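The file target_39.cif contains mmCIF, C-alpha atoms:
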```cif
data_upload
#
loop_
_atom_site.label_atom_id
_atom_site.label_comp_id
_atom_site.auth_asym_id
_atom_site.auth_seq_id
_atom_site.Cartn_x
_atom_site.Cartn_y
_atom_site.Cartn_z
CA MET I 10 31.86 26.05 -13.50
CA ALA I 11 35.57 26.74 -13.34
CA ALA I 12 37.26 30.07 -13.96
CA LYS I 13 40.51 30.91 -15.66
CA LEU I 14 42.42 33.81 -14.08
CA SER I 15 45.36 34.22 -16.41
CA GLY I 16 45.25 34.47 -20.14
CA SER I 17 45.69 36.71 -23.09
CA GLY I 18 44.21 40.19 -23.21
CA GLY I 19 41.77 41.95 -20.99
CA GLY I 20 44.07 42.90 -18.16
CA LYS I 21 45.11 41.29 -14.96
CA TYR I 22 41.66 40.95 -13.34
CA THR I 23 39.69 39.49 -16.29
CA VAL I 24 37.89 36.19 -15.58
CA GLU I 25 37.12 33.85 -18.50
CA ALA I 26 34.77 30.84 -18.40
CA ASN I 27 36.30 27.36 -18.61
CA ALA I 28 33.93 24.79 -20.12
CA GLU I 29 35.98 21.68 -19.28
CA ILE I 30 34.41 19.12 -16.93
CA ASN I 31 36.64 17.67 -14.23
CA VAL I 32 35.86 13.92 -14.06
CA THR I 33 38.71 12.98 -11.73
CA PRO I 34 36.57 13.00 -8.53
CA PHE I 35 33.94 10.88 -10.28
CA VAL I 36 36.52 8.30 -11.38
CA ASP I 37 38.01 8.21 -7.87
CA ILE I 38 34.64 7.51 -6.29
CA MET I 39 33.84 4.79 -8.83
CA LEU I 40 37.17 3.04 -8.18
CA VAL I 41 36.62 3.13 -4.42
CA LEU I 42 33.11 1.66 -4.86
CA LEU I 43 34.49 -1.05 -7.15
CA ILE I 44 37.07 -2.06 -4.54
CA ILE I 45 34.44 -2.09 -1.77
CA PHE I 46 32.14 -4.35 -3.77
CA MET I 47 34.98 -6.67 -4.77
CA VAL I 48 35.89 -7.11 -1.09
CA ALA I 49 32.30 -7.44 0.16
CA ALA I 50 31.00 -9.88 -2.49
CA PRO I 51 32.88 -12.99 -1.23
CA LEU I 52 31.65 -12.28 2.32
CA ALA I 53 28.01 -12.51 1.17
CA THR I 54 28.34 -16.11 0.01
CA VAL I 55 28.00 -19.16 2.25
CA SER I 56 31.15 -21.24 2.38
CA VAL I 57 29.94 -24.17 4.54
CA PRO I 58 29.09 -27.15 2.31
CA VAL I 59 25.69 -28.68 3.10
CA LYS I 60 23.79 -31.34 1.15
CA LEU I 61 20.20 -30.11 1.20
CA PRO I 62 17.27 -32.53 1.07
CA ARG I 63 14.69 -32.29 -1.67
CA ALA I 64 11.67 -30.18 -0.88
CA VAL I 65 8.52 -31.96 -1.92
CA ALA I 66 5.83 -29.55 -0.86
CA PRO I 67 2.36 -29.83 -2.29
CA PRO I 68 1.49 -26.93 -4.56
CA GLY I 69 -0.58 -24.28 -2.82
CA LYS I 70 -4.10 -23.76 -4.01
CA ASN I 71 -4.84 -20.65 -5.98
CA PRO I 72 -6.88 -17.97 -4.25
CA PRO I 73 -10.47 -17.77 -5.43
CA THR I 74 -11.38 -15.37 -8.19
CA PRO I 75 -12.43 -12.07 -6.62
CA VAL I 76 -16.06 -11.03 -6.95
CA PHE I 77 -16.66 -7.42 -7.96
CA ILE I 78 -19.99 -5.66 -7.52
CA SER I 79 -20.35 -2.46 -9.53
CA ILE I 80 -22.94 0.20 -8.76
CA GLN I 81 -23.56 2.71 -11.52
CA ASN I 82 -24.69 6.28 -10.92
CA ASP I 83 -28.28 5.43 -11.95
CA GLY I 84 -28.45 2.64 -9.33
CA ASP I 85 -27.87 -0.35 -11.64
CA VAL I 86 -26.06 -3.20 -9.88
CA TRP I 87 -23.68 -5.57 -11.66
CA ILE I 88 -21.88 -8.69 -10.40
CA GLY I 89 -18.88 -8.91 -12.67
CA ASP I 90 -20.45 -8.54 -16.12
CA LEU I 91 -23.90 -9.84 -15.11
CA ARG I 92 -26.74 -7.47 -14.26
CA SER I 93 -28.39 -7.93 -10.87
CA SER I 94 -30.59 -6.04 -8.44
CA PRO I 95 -30.47 -5.53 -4.66
CA GLY I 96 -33.39 -7.98 -4.30
CA SER I 97 -31.69 -10.84 -6.15
CA LEU I 98 -28.12 -9.96 -5.17
CA GLY I 99 -27.72 -12.76 -2.60
CA ASP I 100 -28.89 -15.51 -4.96
CA ASP I 101 -26.80 -14.17 -7.83
CA LEU I 102 -23.70 -14.03 -5.62
CA ARG I 103 -24.21 -17.61 -4.43
CA VAL I 104 -24.24 -18.70 -8.07
CA GLN I 105 -21.00 -16.77 -8.68
CA ILE I 106 -19.06 -18.18 -5.72
CA GLY I 107 -20.30 -21.76 -6.06
CA ARG I 108 -19.68 -23.93 -2.97
CA ARG I 109 -17.48 -21.45 -1.13
CA ASN I 110 -18.58 -20.16 2.28
CA PRO I 111 -20.28 -16.72 1.98
CA SER I 112 -19.08 -15.58 5.39
CA GLU I 113 -15.44 -16.11 4.33
CA GLU I 114 -15.82 -14.61 0.85
CA ARG I 115 -14.47 -11.09 0.26
CA ILE I 116 -16.66 -8.97 -2.00
CA PHE I 117 -15.19 -5.93 -3.75
CA ILE I 118 -17.59 -3.03 -4.33
CA ARG I 119 -16.97 -0.46 -7.05
CA ALA I 120 -19.38 2.46 -7.07
CA ASP I 121 -19.58 5.49 -9.33
CA GLN I 122 -18.75 8.72 -7.50
CA GLN I 123 -22.24 10.03 -8.34
CA THR I 124 -23.98 6.98 -6.82
CA ARG I 125 -26.67 7.82 -4.30
CA TYR I 126 -25.88 6.76 -0.75
CA GLY I 127 -29.25 4.99 -0.54
CA ASP I 128 -28.38 2.74 -3.51
CA PHE I 129 -25.04 1.90 -1.92
CA MET I 130 -26.68 1.05 1.41
CA GLN I 131 -29.25 -1.21 -0.33
CA VAL I 132 -26.36 -3.25 -1.74
CA MET I 133 -24.58 -3.33 1.64
CA ASN I 134 -27.77 -4.45 3.43
CA ALA I 135 -28.42 -7.13 0.80
CA LEU I 136 -24.87 -8.46 1.28
CA GLN I 137 -25.22 -8.55 5.06
CA ASP I 138 -28.67 -10.16 4.91
CA ASN I 139 -27.25 -12.96 2.75
CA GLY I 140 -24.22 -13.70 4.95
CA PHE I 141 -21.53 -11.78 3.03
CA TYR I 142 -19.72 -9.91 5.81
CA SER I 143 -16.28 -9.26 4.31
CA VAL I 144 -16.55 -6.25 2.02
CA ALA I 145 -13.81 -4.17 0.43
CA LEU I 146 -14.38 -0.83 -1.23
CA VAL I 147 -12.46 -0.13 -4.43
CA GLY I 148 -11.29 3.41 -5.21
CA GLU I 149 -9.15 4.96 -7.86
CA GLU I 150 -5.53 5.62 -6.93
CA SER I 151 -4.46 9.21 -7.26
#
```
Would you mind writing the file out in structure tokens?
Amino acid sequence: MAAKLSGSGGGKYTVEANAEINVTPFVDIMLVLLIIFMVAAPLATVSVPVKLPRAVAPPGKNPPTPVFISIQNDGDVWIGDLRSSPGSLGDDLRVQIGRRNPSEERIFIRADQQTRYGDFMQVMNALQDNGFYSVALVGEES
């Protein structure tokens, strides 16, 4: 905030508030930035003419749909929206992934924070017993 030292009334040492905003430094900085960008923009372009060949690349294949296993706090196991159990987990997962290789398939596990460790380990053991070795654990971002 600026101060005004001279003015009417109040004596020689009275300080009054000045509510005017000085925008001159802001305008100066903006003009300098404008000049810098106007000079630098032509330098960022390529000036050598080149006739590029056509790129005919085959489209990449889409990644497979991720498989999510959910474990509820009462121990219920779900593969996507389908109910399963640790005993039938391997067969149910093979149906879900189709012809893909189980050892290369990444399985995402979502478990309730109140899930018993024993229920979680049953699911992990069932995955390993059926050849599903790539497992990712899903947590909530804070």
>> Just want the 10 Å neighbourhood of Ser94 in chain I, counted on all atoms listed in the file, with same-chain residues fewer than 2 positions away dropped. Output as a list in words.
In response: Ile80, Gly84, Asp85, Val86, Trp87, Ile88, Arg92, Gly96, Ser97, Leu98, Gly99, Asp101, Gln131, Val132 and Ala135 of chain I
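In terms of minimum interatomic distance to Ala120 in chain I, I:Leu146 ranks closest within I:Ala53, I:Ala28, I:Leu136, I:Leu146, counting only C-alpha atoms.
Note that the spacing between CA of Pro75 in chain I and CA of Met130 in chain I amounts to 21.0 Å.
For the residues I:Leu40, I:Ala50, I:Ala66, I:Ile116, ranking by smallest atom-to-atom distance to Val144 in chain I using only C-alpha atoms places I:Ile116 first.
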>> Between CA of Asn110 in chain I and CA of Met133 in chain I, what is the distance in Å, rounded to a tenth?
In response: 17.9 Å
Expected answer as a PDB file with C-alpha atoms, in the coordinates of the input: all residues with atoms within 9 Å of (-14.6, -11.6, 4.4), all atoms listed in the file:
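The file below, result.pdb, is the result:
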```
ATOM      1  CA  PRO I 111     -20.280 -16.720   1.980  1.00  0.00           C
ATOM      2  CA  SER I 112     -19.080 -15.580   5.390  1.00  0.00           C
ATOM      3  CA  GLU I 113     -15.440 -16.110   4.330  1.00  0.00           C
ATOM      4  CA  GLU I 114     -15.820 -14.610   0.850  1.00  0.00           C
ATOM      5  CA  ARG I 115     -14.470 -11.090   0.260  1.00  0.00           C
ATOM      6  CA  ILE I 116     -16.660  -8.970  -2.000  1.00  0.00           C
ATOM      7  CA  PHE I 141     -21.530 -11.780   3.030  1.00  0.00           C
ATOM      8  CA  TYR I 142     -19.720  -9.910   5.810  1.00  0.00           C
ATOM      9  CA  SER I 143     -16.280  -9.260   4.310  1.00  0.00           C
ATOM     10  CA  VAL I 144     -16.550  -6.250   2.020  1.00  0.00           C
ATOM     11  CA  ALA I 145     -13.810  -4.170   0.430  1.00  0.00           C
TER      12      ALA I 145
END
```
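Minimum atom-to-atom distances from I:Gly148, I:Pro68, I:Pro95, I:Gly107 to Asn134 in chain I were compared using all atoms listed in the file, and the lowest value belongs to I:Pro95.
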> What does the distance between CA of Ile118 in chain I and CA of Arg103 in chain I come to in Å, to one decimal place?
Replying inline: 16.0 Å
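Using all atoms listed in the file, the protein and nucleic acid residues lying no more than 10 Å from Val147 in chain I, apart from those fewer than 4 places from it along its own chain, are I:Phe77, I:Ile78, I:Ser79, I:Phe117, I:Ile118, I:Arg119, I:Ala120.
Closest to Gly127 in chain I among I:Val76, I:Asn139, I:Arg109, I:Asn82 is I:Asn82, based on only C-alpha atoms.
Among the candidates I:Glu25, I:Asp100, I:Asp128, I:Asp37, the one nearest to Gln81 in chain I when counting all atoms listed in the file is I:Asp128.
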